[in-house]
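Enquirer: What follows is my_file-v2.cif; its format and atoms are mmCIF, C-alpha atoms and all ligand atoms.
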data_upload
loop_
_atom_site.label_atom_id
_atom_site.label_comp_id
_atom_site.auth_asym_id
_atom_site.auth_seq_id
_atom_site.Cartn_x
_atom_site.Cartn_y
_atom_site.Cartn_z
CA MET A 11 -2.65 -4.26 -2.76
CA SER A 12 -3.20 -2.01 0.20
CA ALA A 13 -3.42 1.75 -0.23
CA ASP A 14 -1.22 4.39 1.40
CA ILE A 15 -3.22 6.16 4.08
CA ILE A 16 -3.17 9.93 3.67
CA ASP A 17 -3.03 11.16 7.25
CA GLY A 18 -5.04 14.39 7.23
CA LYS A 19 -5.01 14.60 10.98
CA ALA A 20 -1.21 14.72 11.15
CA PHE A 21 -0.98 17.09 8.18
CA ALA A 22 -3.56 19.41 9.75
CA ALA A 23 -1.61 19.49 13.01
CA LYS A 24 1.45 20.70 11.06
CA VAL A 25 -0.60 23.41 9.34
CA ARG A 26 -1.93 24.58 12.73
CA GLU A 27 1.64 24.74 14.07
CA LYS A 28 2.60 27.04 11.21
CA VAL A 29 -0.53 29.11 11.84
CA ALA A 30 0.42 29.42 15.52
CA THR A 31 3.90 30.67 14.57
CA HIS A 32 2.41 33.38 12.37
CA VAL A 33 -0.13 34.36 15.02
CA ALA A 34 2.70 34.75 17.57
CA ARG A 35 4.60 36.92 15.09
CA LEU A 36 1.54 39.10 14.39
CA LYS A 37 1.16 39.66 18.12
CA GLU A 38 4.84 40.43 18.74
CA GLU A 39 5.68 42.48 15.69
CA ASN A 40 2.35 44.14 14.97
CA GLY A 41 0.43 44.00 18.24
CA ILE A 42 -2.48 42.32 16.44
CA THR A 43 -4.35 39.17 17.49
CA PRO A 44 -6.32 37.59 14.63
CA GLY A 45 -9.99 37.10 15.54
CA LEU A 46 -12.41 34.53 14.11
CA ALA A 47 -16.16 34.95 14.66
CA VAL A 48 -18.38 31.89 14.30
CA VAL A 49 -22.14 32.31 14.10
CA LEU A 50 -24.36 29.32 14.87
CA VAL A 51 -28.12 29.57 14.39
CA GLY A 52 -30.18 26.83 16.00
CA GLU A 53 -29.31 23.69 17.90
CA ASP A 54 -28.25 21.13 15.28
CA PRO A 55 -26.09 18.72 17.35
CA ALA A 56 -23.53 18.05 14.58
CA SER A 57 -23.09 21.81 14.04
CA GLN A 58 -22.63 22.32 17.76
CA VAL A 59 -19.82 19.76 17.79
CA TYR A 60 -17.99 21.47 14.87
CA VAL A 61 -18.40 24.91 16.38
CA ARG A 62 -17.01 23.75 19.72
CA SER A 63 -14.07 22.06 18.04
CA LYS A 64 -13.38 25.16 15.88
CA GLY A 65 -13.44 27.39 18.98
CA LYS A 66 -11.00 25.16 20.84
CA LEU A 67 -8.52 24.98 17.95
CA THR A 68 -8.82 28.73 17.32
CA THR A 69 -7.69 29.58 20.85
CA GLU A 70 -5.06 26.83 20.74
CA VAL A 71 -3.23 28.63 17.89
CA GLY A 72 -3.41 31.89 19.86
CA MET A 73 -6.25 33.61 18.00
CA ASN A 74 -9.37 35.16 19.50
CA SER A 75 -12.49 33.05 19.11
CA ILE A 76 -15.76 34.96 19.09
CA GLU A 77 -18.86 32.75 19.21
CA HIS A 78 -22.42 33.91 18.60
CA LYS A 79 -25.10 31.33 19.28
CA LEU A 80 -28.55 32.38 18.14
CA GLY A 81 -31.91 30.66 18.62
CA ALA A 82 -33.42 28.60 15.78
CA ASP A 83 -36.18 31.24 15.42
CA THR A 84 -33.77 34.15 14.86
CA SER A 85 -35.11 36.54 12.23
CA GLU A 86 -33.20 37.29 9.04
CA ALA A 87 -33.03 40.97 10.02
CA ASP A 88 -31.39 40.12 13.35
CA LEU A 89 -28.87 37.79 11.71
CA LEU A 90 -28.02 40.40 9.05
CA SER A 91 -27.58 43.03 11.72
CA LEU A 92 -25.16 40.79 13.67
CA ILE A 93 -23.17 40.22 10.46
CA ALA A 94 -23.08 43.98 9.80
CA GLN A 95 -21.72 44.49 13.30
CA LEU A 96 -19.01 41.82 12.77
CA ASN A 97 -18.17 43.32 9.33
CA ALA A 98 -17.52 46.67 11.02
CA ASP A 99 -15.52 45.28 13.98
CA PRO A 100 -11.76 45.70 13.39
CA ALA A 101 -11.00 42.95 15.95
CA VAL A 102 -12.86 40.42 13.76
CA HIS A 103 -10.79 39.27 10.77
CA GLY A 104 -12.79 36.20 9.79
CA ILE A 105 -16.52 35.46 9.88
CA LEU A 106 -18.04 31.99 9.49
CA VAL A 107 -21.79 31.42 9.50
CA GLN A 108 -22.30 27.72 10.16
CA LEU A 109 -24.37 25.99 7.44
CA PRO A 110 -26.99 24.73 6.97
CA LEU A 111 -29.16 27.56 8.28
CA PRO A 112 -32.76 26.97 9.41
CA ASP A 113 -35.17 26.93 6.46
CA HIS A 114 -36.70 30.37 7.05
CA LEU A 115 -33.33 32.07 6.45
CA ASN A 116 -32.07 32.81 2.94
CA GLU A 117 -28.59 31.25 2.88
CA ASP A 118 -27.39 33.11 -0.24
CA LEU A 119 -28.52 36.45 1.14
CA VAL A 120 -26.85 35.82 4.49
CA ILE A 121 -23.55 34.59 3.01
CA ASN A 122 -23.41 37.50 0.55
CA SER A 123 -23.86 39.99 3.40
CA ILE A 124 -20.46 38.99 4.83
CA GLU A 125 -17.65 41.38 3.92
CA PRO A 126 -15.74 39.40 1.22
CA ALA A 127 -12.38 40.16 2.87
CA LYS A 128 -13.64 38.52 6.08
CA ASP A 129 -15.32 35.61 4.30
CA VAL A 130 -12.89 32.91 5.49
CA ASP A 131 -15.23 30.20 4.14
CA GLY A 132 -14.82 31.61 0.62
CA PHE A 133 -18.57 31.30 -0.04
CA HIS A 134 -19.36 34.95 -0.95
CA ILE A 135 -20.17 35.38 -4.67
CA SER A 136 -17.24 37.75 -4.97
CA ASN A 137 -14.79 35.09 -3.73
CA VAL A 138 -16.45 32.43 -5.88
CA GLY A 139 -16.00 34.66 -8.95
CA LEU A 140 -12.39 35.41 -8.09
CA LEU A 141 -11.60 31.70 -7.65
CA GLY A 142 -13.40 30.84 -10.89
CA THR A 143 -11.28 33.33 -12.81
CA GLY A 144 -8.02 32.36 -11.12
CA GLN A 145 -7.69 35.59 -9.13
CA LYS A 146 -6.60 36.06 -5.53
CA SER A 147 -9.51 35.17 -3.25
CA MET A 148 -10.52 33.41 -0.06
CA VAL A 149 -10.55 29.71 -0.98
CA PRO A 150 -13.18 27.38 0.60
CA CYS A 151 -11.56 25.40 3.40
CA THR A 152 -12.62 21.83 2.58
CA PRO A 153 -11.56 21.84 -1.09
CA LEU A 154 -8.39 23.73 -0.16
CA GLY A 155 -7.57 21.06 2.42
CA CYS A 156 -8.14 18.33 -0.18
CA LEU A 157 -5.90 20.12 -2.67
CA MET A 158 -3.11 20.41 -0.10
CA LEU A 159 -3.27 16.67 0.62
CA LEU A 160 -3.24 15.86 -3.10
CA ARG A 161 -0.31 18.17 -3.87
CA ASP A 162 1.63 16.81 -0.92
CA TYR A 163 1.10 13.23 -2.06
CA HIS A 164 1.56 13.68 -5.82
CA GLY A 165 3.62 16.80 -6.29
CA SER A 166 2.17 17.90 -9.64
CA LEU A 167 -1.44 17.01 -10.53
CA SER A 168 -1.02 18.18 -14.12
CA GLY A 169 -2.83 16.04 -16.70
CA MET A 170 -4.46 13.71 -14.18
CA ASN A 171 -8.09 12.67 -14.63
CA ALA A 172 -10.08 13.87 -11.61
CA VAL A 173 -13.68 12.97 -10.86
CA VAL A 174 -15.48 15.03 -8.22
CA ILE A 175 -18.70 13.40 -7.03
CA GLY A 176 -21.00 16.16 -5.77
CA ARG A 177 -21.67 19.67 -7.10
CA SER A 178 -22.42 21.68 -3.98
CA ASN A 179 -21.27 25.27 -3.70
CA ILE A 180 -19.29 24.50 -0.56
CA VAL A 181 -17.37 21.41 -1.72
CA GLY A 182 -17.93 19.97 -5.21
CA LYS A 183 -17.84 23.10 -7.40
CA PRO A 184 -14.88 24.84 -5.71
CA MET A 185 -13.01 21.49 -5.62
CA ALA A 186 -13.47 21.11 -9.37
CA ASN A 187 -12.22 24.67 -9.89
CA LEU A 188 -9.10 24.07 -7.82
CA LEU A 189 -8.31 20.81 -9.64
CA LEU A 190 -8.79 22.57 -12.97
CA GLY A 191 -6.42 25.27 -11.72
CA ASP A 192 -3.85 22.52 -11.18
CA SER A 193 -4.39 21.32 -14.76
CA CYS A 194 -6.38 18.17 -14.04
CA THR A 195 -8.98 17.03 -16.54
CA VAL A 196 -12.04 17.41 -14.36
CA THR A 197 -15.40 15.64 -14.41
CA ILE A 198 -18.12 16.73 -11.99
CA ALA A 199 -20.62 13.95 -11.23
CA HIS A 200 -23.91 14.30 -9.35
CA SER A 201 -27.20 12.54 -8.69
CA ARG A 202 -28.21 12.64 -12.38
CA THR A 203 -24.91 11.33 -13.71
CA GLN A 204 -25.35 8.19 -15.81
CA ASP A 205 -23.12 5.18 -15.22
CA LEU A 206 -21.42 6.82 -12.26
CA GLN A 207 -19.32 3.73 -11.60
CA ASP A 208 -17.86 3.85 -15.10
CA VAL A 209 -17.14 7.55 -14.76
CA VAL A 210 -15.35 6.97 -11.46
CA ARG A 211 -13.41 4.03 -12.89
CA GLY A 212 -11.66 6.42 -15.30
CA ALA A 213 -10.33 8.62 -12.51
CA ASP A 214 -6.76 8.96 -11.27
CA ILE A 215 -8.17 11.15 -8.49
CA VAL A 216 -11.61 10.61 -6.95
CA VAL A 217 -13.06 13.21 -4.58
CA ALA A 218 -16.29 11.97 -2.99
CA ALA A 219 -18.51 14.71 -1.51
CA VAL A 220 -21.96 13.20 -1.62
CA GLY A 221 -23.32 12.66 1.88
CA ARG A 222 -24.15 8.97 1.30
CA PRO A 223 -22.48 6.59 3.71
CA GLU A 224 -19.96 4.24 2.05
CA MET A 225 -21.50 4.68 -1.42
CA VAL A 226 -18.26 4.40 -3.39
CA THR A 227 -16.96 0.84 -3.21
CA GLY A 228 -13.65 -0.72 -4.22
CA ASP A 229 -14.99 -2.11 -7.51
CA TRP A 230 -15.60 1.49 -8.72
CA ILE A 231 -11.98 2.49 -8.22
CA LYS A 232 -9.24 2.31 -10.85
CA PRO A 233 -6.34 0.35 -9.33
CA GLY A 234 -3.77 2.76 -7.92
CA ALA A 235 -6.07 5.81 -7.94
CA THR A 236 -6.03 8.40 -5.15
CA VAL A 237 -9.29 8.62 -3.20
CA ILE A 238 -10.21 11.69 -1.15
CA ASP A 239 -13.23 11.05 1.04
CA VAL A 240 -14.98 14.27 2.09
CA GLY A 241 -18.09 12.57 3.45
CA ILE A 242 -18.95 12.87 7.13
CA ASN A 243 -21.87 10.55 7.90
CA ARG A 244 -22.93 9.39 11.34
CA ILE A 245 -24.49 5.92 11.16
CA PRO A 246 -25.80 3.53 13.82
CA ASN A 247 -23.23 1.11 15.23
CA GLY A 248 -24.81 -1.23 17.74
CA GLU A 249 -26.13 0.93 20.56
CA LYS A 250 -23.88 3.85 19.59
CA THR A 251 -23.09 5.62 16.32
CA LYS A 252 -19.95 5.86 14.22
CA LEU A 253 -18.57 8.24 11.64
CA VAL A 254 -18.08 6.96 8.08
CA GLY A 255 -17.25 8.63 4.79
CA ASP A 256 -18.86 8.48 1.37
CA VAL A 257 -16.34 5.78 0.46
CA ASP A 258 -16.39 2.20 1.68
CA PHE A 259 -12.92 2.31 3.19
CA ALA A 260 -12.53 -1.47 3.63
CA SER A 261 -12.99 -2.32 -0.06
CA ALA A 262 -11.63 0.92 -1.59
CA SER A 263 -8.36 0.71 0.34
CA GLN A 264 -7.71 -2.70 -1.29
CA VAL A 265 -7.72 -1.13 -4.75
CA ALA A 266 -6.68 2.51 -4.39
CA GLY A 267 -3.08 3.70 -4.37
CA ALA A 268 -3.83 6.19 -1.61
CA ILE A 269 -6.90 7.06 0.43
CA THR A 270 -7.99 9.45 3.18
CA PRO A 271 -9.69 7.90 6.23
CA VAL A 272 -12.83 9.17 7.99
CA PRO A 273 -12.36 10.40 10.64
CA GLY A 274 -8.81 11.73 10.47
CA GLY A 275 -8.69 12.72 6.80
CA VAL A 276 -10.29 15.78 5.23
CA GLY A 277 -12.21 16.98 8.34
CA PRO A 278 -9.20 18.18 10.34
CA MET A 279 -7.79 19.86 7.20
CA THR A 280 -10.99 21.91 6.87
CA ILE A 281 -10.49 23.46 10.29
CA ALA A 282 -6.74 23.96 9.78
CA CYS A 283 -7.46 25.82 6.51
CA LEU A 284 -10.09 27.94 8.24
CA LEU A 285 -7.46 29.08 10.75
CA ALA A 286 -4.94 29.66 7.96
CA ASN A 287 -7.49 31.73 6.00
CA THR A 288 -8.12 33.84 9.11
CA VAL A 289 -4.39 34.66 9.40
CA THR A 290 -4.36 35.54 5.69
CA ALA A 291 -7.45 37.76 6.12
CA CYS A 292 -5.85 39.46 9.13
CA CYS A 293 -2.66 40.21 7.20
CA ARG A 294 -4.55 41.58 4.20
CA ALA A 295 -6.73 43.77 6.46
CA ASN A 296 -3.65 45.30 8.06
CA GLY A 297 -1.46 45.69 5.00
CA ILE A 298 0.97 43.08 6.30
CA LYS A 299 2.72 40.72 3.87
CA GLU A 300 0.75 37.50 4.02
CA PRO A 301 2.62 34.33 4.93
CA LYS A 302 3.62 32.05 2.06
CA GLY A 303 3.24 28.28 2.24
CA LEU A 304 0.56 28.29 4.91
CA THR A 305 -1.91 26.74 2.47
CA ALA A 306 -1.66 25.37 -1.06
N1 LIG B 1 -14.92 16.92 5.80
C1 LIG B 1 -15.41 18.17 5.80
O1 LIG B 1 -14.75 19.07 6.24
C2 LIG B 1 -16.74 18.42 5.22
C3 LIG B 1 -17.54 17.36 4.94
N2 LIG B 1 -18.75 17.53 4.35
C4 LIG B 1 -19.49 16.29 4.03
O2 LIG B 1 -19.38 16.07 2.62
C5 LIG B 1 -20.55 15.48 2.10
C6 LIG B 1 -21.12 16.38 1.02
O3 LIG B 1 -21.43 17.64 1.54
P1 LIG B 1 -22.14 18.80 0.69
O4 LIG B 1 -21.37 19.02 -0.56
O5 LIG B 1 -22.39 19.91 1.60
O6 LIG B 1 -23.52 18.05 0.35
P2 LIG B 1 -24.79 18.44 -0.54
O7 LIG B 1 -25.90 17.64 -0.03
O8 LIG B 1 -24.90 19.91 -0.65
O9 LIG B 1 -24.38 17.90 -1.98
C7 LIG B 1 -24.30 16.54 -2.25
C8 LIG B 1 -24.00 16.30 -3.71
O10 LIG B 1 -23.97 14.91 -3.94
C9 LIG B 1 -24.76 14.59 -5.06
N3 LIG B 1 -25.37 13.27 -4.89
C10 LIG B 1 -26.31 12.88 -4.01
N4 LIG B 1 -26.62 11.60 -4.18
C11 LIG B 1 -25.87 11.13 -5.18
C12 LIG B 1 -25.74 9.88 -5.84
N5 LIG B 1 -26.46 8.83 -5.48
N6 LIG B 1 -24.86 9.78 -6.85
C13 LIG B 1 -24.12 10.84 -7.23
N7 LIG B 1 -24.20 12.05 -6.65
C14 LIG B 1 -25.07 12.20 -5.65
C15 LIG B 1 -25.82 15.65 -5.13
O11 LIG B 1 -26.29 15.74 -6.46
P3 LIG B 1 -27.43 16.78 -6.93
O12 LIG B 1 -26.73 18.11 -6.99
O13 LIG B 1 -27.81 16.26 -8.26
O14 LIG B 1 -28.51 16.71 -5.90
C16 LIG B 1 -25.06 16.88 -4.66
O15 LIG B 1 -24.43 17.53 -5.73
C17 LIG B 1 -21.46 15.29 3.33
O16 LIG B 1 -21.22 14.01 3.85
C18 LIG B 1 -20.95 16.35 4.30
O17 LIG B 1 -21.21 15.99 5.65
C19 LIG B 1 -19.19 18.76 3.98
C20 LIG B 1 -18.44 19.87 4.25
C21 LIG B 1 -17.16 19.79 4.92
N1 LIG B 2 -19.97 27.71 7.03
C1 LIG B 2 -19.59 26.44 7.13
N2 LIG B 2 -18.31 26.11 6.90
C2 LIG B 2 -17.88 24.82 7.00
O1 LIG B 2 -16.69 24.52 6.77
C3 LIG B 2 -18.82 23.82 7.40
C4 LIG B 2 -20.14 24.22 7.65
N3 LIG B 2 -20.51 25.51 7.49
N4 LIG B 2 -21.07 23.30 7.99
C5 LIG B 2 -20.73 21.91 8.22
C6 LIG B 2 -19.54 21.48 7.42
C7 LIG B 2 -18.86 20.24 7.95
N5 LIG B 2 -17.55 20.65 8.38
C8 LIG B 2 -16.62 19.85 9.05
C9 LIG B 2 -15.48 20.36 9.62
C10 LIG B 2 -14.62 19.55 10.34
C11 LIG B 2 -14.88 18.21 10.51
C12 LIG B 2 -13.95 17.38 11.33
O2 LIG B 2 -13.01 17.86 11.92
N6 LIG B 2 -14.19 16.04 11.40
C13 LIG B 2 -13.37 15.11 12.17
C14 LIG B 2 -14.22 14.27 13.11
C15 LIG B 2 -15.20 15.03 13.95
C16 LIG B 2 -16.12 14.12 14.75
O3 LIG B 2 -15.62 13.16 15.38
O4 LIG B 2 -17.35 14.37 14.73
C17 LIG B 2 -12.67 14.13 11.22
O5 LIG B 2 -13.17 13.95 10.09
O6 LIG B 2 -11.68 13.55 11.63
C18 LIG B 2 -15.99 17.69 9.92
C19 LIG B 2 -16.86 18.50 9.19
C20 LIG B 2 -17.40 21.98 8.13
N7 LIG B 2 -18.48 22.50 7.55
#
Show me this structure written as structure tokens.
Ligand SMILES: NC(=O)C1=CN([C@@H]2O[C@H](COP(=O)(O)OP(=O)(O)OC[C@H]3O[C@@H](n4cnc5c(N)ncnc54)[C@H](OP(=O)(O)O)[C@@H]3O)[C@@H](O)[C@H]2O)C=CC1
Ligand SMILES: Nc1nc(=O)c2c([nH]1)NC[C@@H]1CN(c3ccc(C(=O)N[C@@H](CCC(=O)O)C(=O)O)cc3)C=[N+]21
Expert:
Amino acid sequence: MSADIIDGKAFAAKVREKVATHVARLKEENGITPGLAVVLVGEDPASQVYVRSKGKLTTEVGMNSIEHKLGADTSEADLLSLIAQLNADPAVHGILVQLPLPDHLNEDLVINSIEPAKDVDGFHISNVGLLGTGQKSMVPCTPLGCLMLLRDYHGSLSGMNAVVIGRSNIVGKPMANLLLGDSCTVTIAHSRTQDLQDVVRGADIVVAAVGRPEMVTGDWIKPGATVIDVGINRIPNGEKTKLVGDVDFASASQVAGAITPVPGGVGPMTIACLLANTVTACCRANGIKEPKGLTA
């Protein structure tokens, strides 16, 4: 059997089209251009690539992209003062501080200094609490993108067994919360989980967010299961490098019912959801009815 390929790249392009329509409407009817500020501290090459790609797609949908690139030795006080300035700027509707931050900066402190209404990553404790209690919040982009792909493929997820591998604050935990919200029976696995393969074999939905190249192989997957591969790992490939997920696509796609590729799966959805969250934040900030159906 060969799995259906869930085309995140194509889906994300459709989401960005909808975002662009709403941005055009905000400009015409309200005279407002949504603005997304991205803060990058240090020179991590992978982070630089994402930030560049975010900036390009932000302007492509008609929004303002504000980029702040700070040196790796930036002090916490300077970073906090930049965030305070962005919090107070009415032209900035969304703020994203690219993670990971250099070791001398306290990530929790920095994230929690972002105005929750502008926290388009959904990482602020206030948004985490709102999501955890099923209240209106900013939803983290990567898990939101995964949920949209799953709902689009399955319709209802109610009663399905979902296994999320990884318990990070940015992917694993919010993913589990969203799946629970859609009435899945959710298991969260991590590096201390015993018999991980057996746990995964019970899953109708597997979300892999581990950071280990091609760890999940076809023999772990229940035949017909849906596999969402969040992993973005750059590995050597001859003289060059290539991007692979946390799932071994070649073997898993022989067993799964549906699977997301890397690249072209979850990654593009993350950025599309970031843009959608920025439109939502802009509408909320201006007392404008927020668009329905932009995200899940
Ligand atoms: N596509 C996208 O848009 C995005 C992709 N990513 C990618 O997703 C992956 C995960 O990212 P992130 O959540 O930030 O990573 P973290 O490193 O923060 O978390 C990884 C998680 O995987 C668990 N883990 C590690 N090794 C194993 C193992 N052998 N068996 C089971 N669990 C294990 C860890 O367990 P423990 O807690 O016990 O240490 C941890 O909970 C990375 O490849 C990252 O690049 C991330 C964000 C967005
Ligand atoms: N505050 C914060 N928010 C984030 O959302 C965040 C972050 N920090 N730090 C890093 C991770 C990672 N991440 C990705 C986004 C898009 C792709 C993406 O578009 N990937 C393309 C390929 C890109 C390539 O070729 O390198 C794809 O999978 O098809 C990947 C990874 C967001 N993250």
Enquirer: Give one line per residue of chain A that approaches ligand LIG 2 (chain B) to at most 7 Å, naming the two atoms of the closest pair and their distance in Å to one decimal, counting all atoms listed in the file; sort by chain then ascending residue number and deliver it as a Markdown table.
Expert:
| residue | atom | partner | partner_atom | distance |
| --- | --- | --- | --- | --- |
| A:Lys19 | CA | B:LIG2 | O6 | 6.8 |
| A:Ser57 | CA | B:LIG2 | C5 | 6.3 |
| A:Val59 | CA | B:LIG2 | O4 | 6.7 |
| A:Tyr60 | CA | B:LIG2 | C9 | 5.9 |
| A:Leu106 | CA | B:LIG2 | N1 | 5.3 |
| A:Val107 | CA | B:LIG2 | N1 | 4.8 |
| A:Gln108 | CA | B:LIG2 | N3 | 3.9 |
| A:Leu109 | CA | B:LIG2 | N3 | 3.9 |
| A:Pro110 | CA | B:LIG2 | N4 | 6.2 |
| A:Asp131 | CA | B:LIG2 | N2 | 5.8 |
| A:Cys151 | CA | B:LIG2 | O1 | 6.2 |
| A:Thr152 | CA | B:LIG2 | O1 | 6.4 |
| A:Ile242 | CA | B:LIG2 | C18 | 6.3 |
| A:Leu253 | CA | B:LIG2 | O3 | 6.8 |
| A:Val272 | CA | B:LIG2 | O5 | 5.2 |
| A:Pro273 | CA | B:LIG2 | O6 | 3.4 |
| A:Gly274 | CA | B:LIG2 | O6 | 3.6 |
| A:Gly275 | CA | B:LIG2 | O5 | 5.7 |
| A:Val276 | CA | B:LIG2 | O5 | 5.9 |
| A:Gly277 | CA | B:LIG2 | C12 | 3.5 |
| A:Pro278 | CA | B:LIG2 | O2 | 4.1 |
| A:Thr280 | CA | B:LIG2 | C9 | 5.5 |
| A:Ile281 | CA | B:LIG2 | C10 | 5.7 |
Enquirer: What separation in Å, quoted to one decimal, exists between atom CA of Ile298 of chain A and atom CA of Ile76 of chain A?
Expert: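 Pair atom CA of Ile298 of chain A / atom CA of Ile76 of chain A returns 22.6 Å.
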Enquirer: What is the atom O12 of ligand LIG 1 (chain B) to atom CA of Leu206 of chain A distance in Å?
Expert: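 So the two atoms, atom O12 of ligand LIG 1 (chain B) and atom CA of Leu206 of chain A, lie 13.5 Å apart.
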Enquirer: Considering all atoms listed in the file, give me a table of residues in chain A that are at most 9 Å from ligand LIG 1 (chain B), with the closest atom pair and distance in Å for each, as JSON lines.
Expert:
{"residue": "A:Leu109", "atom": "CA", "partner": "B:LIG1", "partner_atom": "O5", "distance": 8.7}
{"residue": "A:Pro110", "atom": "CA", "partner": "B:LIG1", "partner_atom": "O5", "distance": 8.6}
{"residue": "A:Cys151", "atom": "CA", "partner": "B:LIG1", "partner_atom": "O1", "distance": 7.6}
{"residue": "A:Thr152", "atom": "CA", "partner": "B:LIG1", "partner_atom": "O1", "distance": 5.1}
{"residue": "A:Pro153", "atom": "CA", "partner": "B:LIG1", "partner_atom": "O1", "distance": 8.5}
{"residue": "A:Gly155", "atom": "CA", "partner": "B:LIG1", "partner_atom": "O1", "distance": 8.4}
{"residue": "A:Ile175", "atom": "CA", "partner": "B:LIG1", "partner_atom": "N7", "distance": 5.7}
{"residue": "A:Gly176", "atom": "CA", "partner": "B:LIG1", "partner_atom": "C8", "distance": 3.6}
{"residue": "A:Arg177", "atom": "CA", "partner": "B:LIG1", "partner_atom": "O15", "distance": 3.8}
{"residue": "A:Ser178", "atom": "CA", "partner": "B:LIG1", "partner_atom": "O4", "distance": 4.5}
{"residue": "A:Asn179", "atom": "CA", "partner": "B:LIG1", "partner_atom": "O4", "distance": 7.0}
{"residue": "A:Ile180", "atom": "CA", "partner": "B:LIG1", "partner_atom": "O4", "distance": 5.9}
{"residue": "A:Val181", "atom": "CA", "partner": "B:LIG1", "partner_atom": "O4", "distance": 4.8}
{"residue": "A:Gly182", "atom": "CA", "partner": "B:LIG1", "partner_atom": "O4", "distance": 5.9}
{"residue": "A:Lys183", "atom": "CA", "partner": "B:LIG1", "partner_atom": "O4", "distance": 8.7}
{"residue": "A:Ile198", "atom": "CA", "partner": "B:LIG1", "partner_atom": "O15", "distance": 8.9}
{"residue": "A:Ala199", "atom": "CA", "partner": "B:LIG1", "partner_atom": "N7", "distance": 6.1}
{"residue": "A:His200", "atom": "CA", "partner": "B:LIG1", "partner_atom": "N7", "distance": 3.5}
{"residue": "A:Ser201", "atom": "CA", "partner": "B:LIG1", "partner_atom": "N7", "distance": 3.7}
{"residue": "A:Arg202", "atom": "CA", "partner": "B:LIG1", "partner_atom": "O13", "distance": 5.5}
{"residue": "A:Thr203", "atom": "CA", "partner": "B:LIG1", "partner_atom": "C13", "distance": 6.5}
{"residue": "A:Leu206", "atom": "CA", "partner": "B:LIG1", "partner_atom": "C13", "distance": 7.0}
{"residue": "A:Ala218", "atom": "CA", "partner": "B:LIG1", "partner_atom": "C5", "distance": 7.5}
{"residue": "A:Ala219", "atom": "CA", "partner": "B:LIG1", "partner_atom": "C6", "distance": 4.0}
{"residue": "A:Val220", "atom": "CA", "partner": "B:LIG1", "partner_atom": "O10", "distance": 3.5}
{"residue": "A:Gly221", "atom": "CA", "partner": "B:LIG1", "partner_atom": "O16", "distance": 3.2}
{"residue": "A:Arg222", "atom": "CA", "partner": "B:LIG1", "partner_atom": "O16", "distance": 6.4}
{"residue": "A:Pro223", "atom": "CA", "partner": "B:LIG1", "partner_atom": "O16", "distance": 7.5}
{"residue": "A:Met225", "atom": "CA", "partner": "B:LIG1", "partner_atom": "N5", "distance": 7.6}
{"residue": "A:Asp239", "atom": "CA", "partner": "B:LIG1", "partner_atom": "N1", "distance": 7.7}
{"residue": "A:Val240", "atom": "CA", "partner": "B:LIG1", "partner_atom": "N1", "distance": 4.6}
{"residue": "A:Gly241", "atom": "CA", "partner": "B:LIG1", "partner_atom": "O16", "distance": 3.5}
{"residue": "A:Ile242", "atom": "CA", "partner": "B:LIG1", "partner_atom": "O17", "distance": 4.1}
{"residue": "A:Asn243", "atom": "CA", "partner": "B:LIG1", "partner_atom": "O16", "distance": 5.4}
{"residue": "A:Arg244", "atom": "CA", "partner": "B:LIG1", "partner_atom": "O17", "distance": 8.9}
{"residue": "A:Val254", "atom": "CA", "partner": "B:LIG1", "partner_atom": "O16", "distance": 8.8}
{"residue": "A:Gly255", "atom": "CA", "partner": "B:LIG1", "partner_atom": "O16", "distance": 6.8}
{"residue": "A:Asp256", "atom": "CA", "partner": "B:LIG1", "partner_atom": "O16", "distance": 6.5}
{"residue": "A:Val272", "atom": "CA", "partner": "B:LIG1", "partner_atom": "N1", "distance": 8.3}
{"residue": "A:Pro273", "atom": "CA", "partner": "B:LIG1", "partner_atom": "N1", "distance": 8.5}
{"residue": "A:Gly275", "atom": "CA", "partner": "B:LIG1", "partner_atom": "N1", "distance": 7.6}
{"residue": "A:Val276", "atom": "CA", "partner": "B:LIG1", "partner_atom": "N1", "distance": 4.8}
{"residue": "A:Gly277", "atom": "CA", "partner": "B:LIG1", "partner_atom": "N1", "distance": 3.7}
{"residue": "A:Pro278", "atom": "CA", "partner": "B:LIG1", "partner_atom": "O1", "distance": 7.0}
{"residue": "A:Met279", "atom": "CA", "partner": "B:LIG1", "partner_atom": "O1", "distance": 7.1}
{"residue": "A:Thr280", "atom": "CA", "partner": "B:LIG1", "partner_atom": "O1", "distance": 4.8}
{"residue": "A:Ile281", "atom": "CA", "partner": "B:LIG1", "partner_atom": "O1", "distance": 7.3}
Enquirer: Which is closest to Ile16 of chain A among A:Val265, A:Leu159, A:Ala295, A:Leu190, if we use all atoms listed in the file?
Expert: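 When distances to Ile16 of chain A are compared using all atoms listed in the file, the smallest one comes from A:Leu159.
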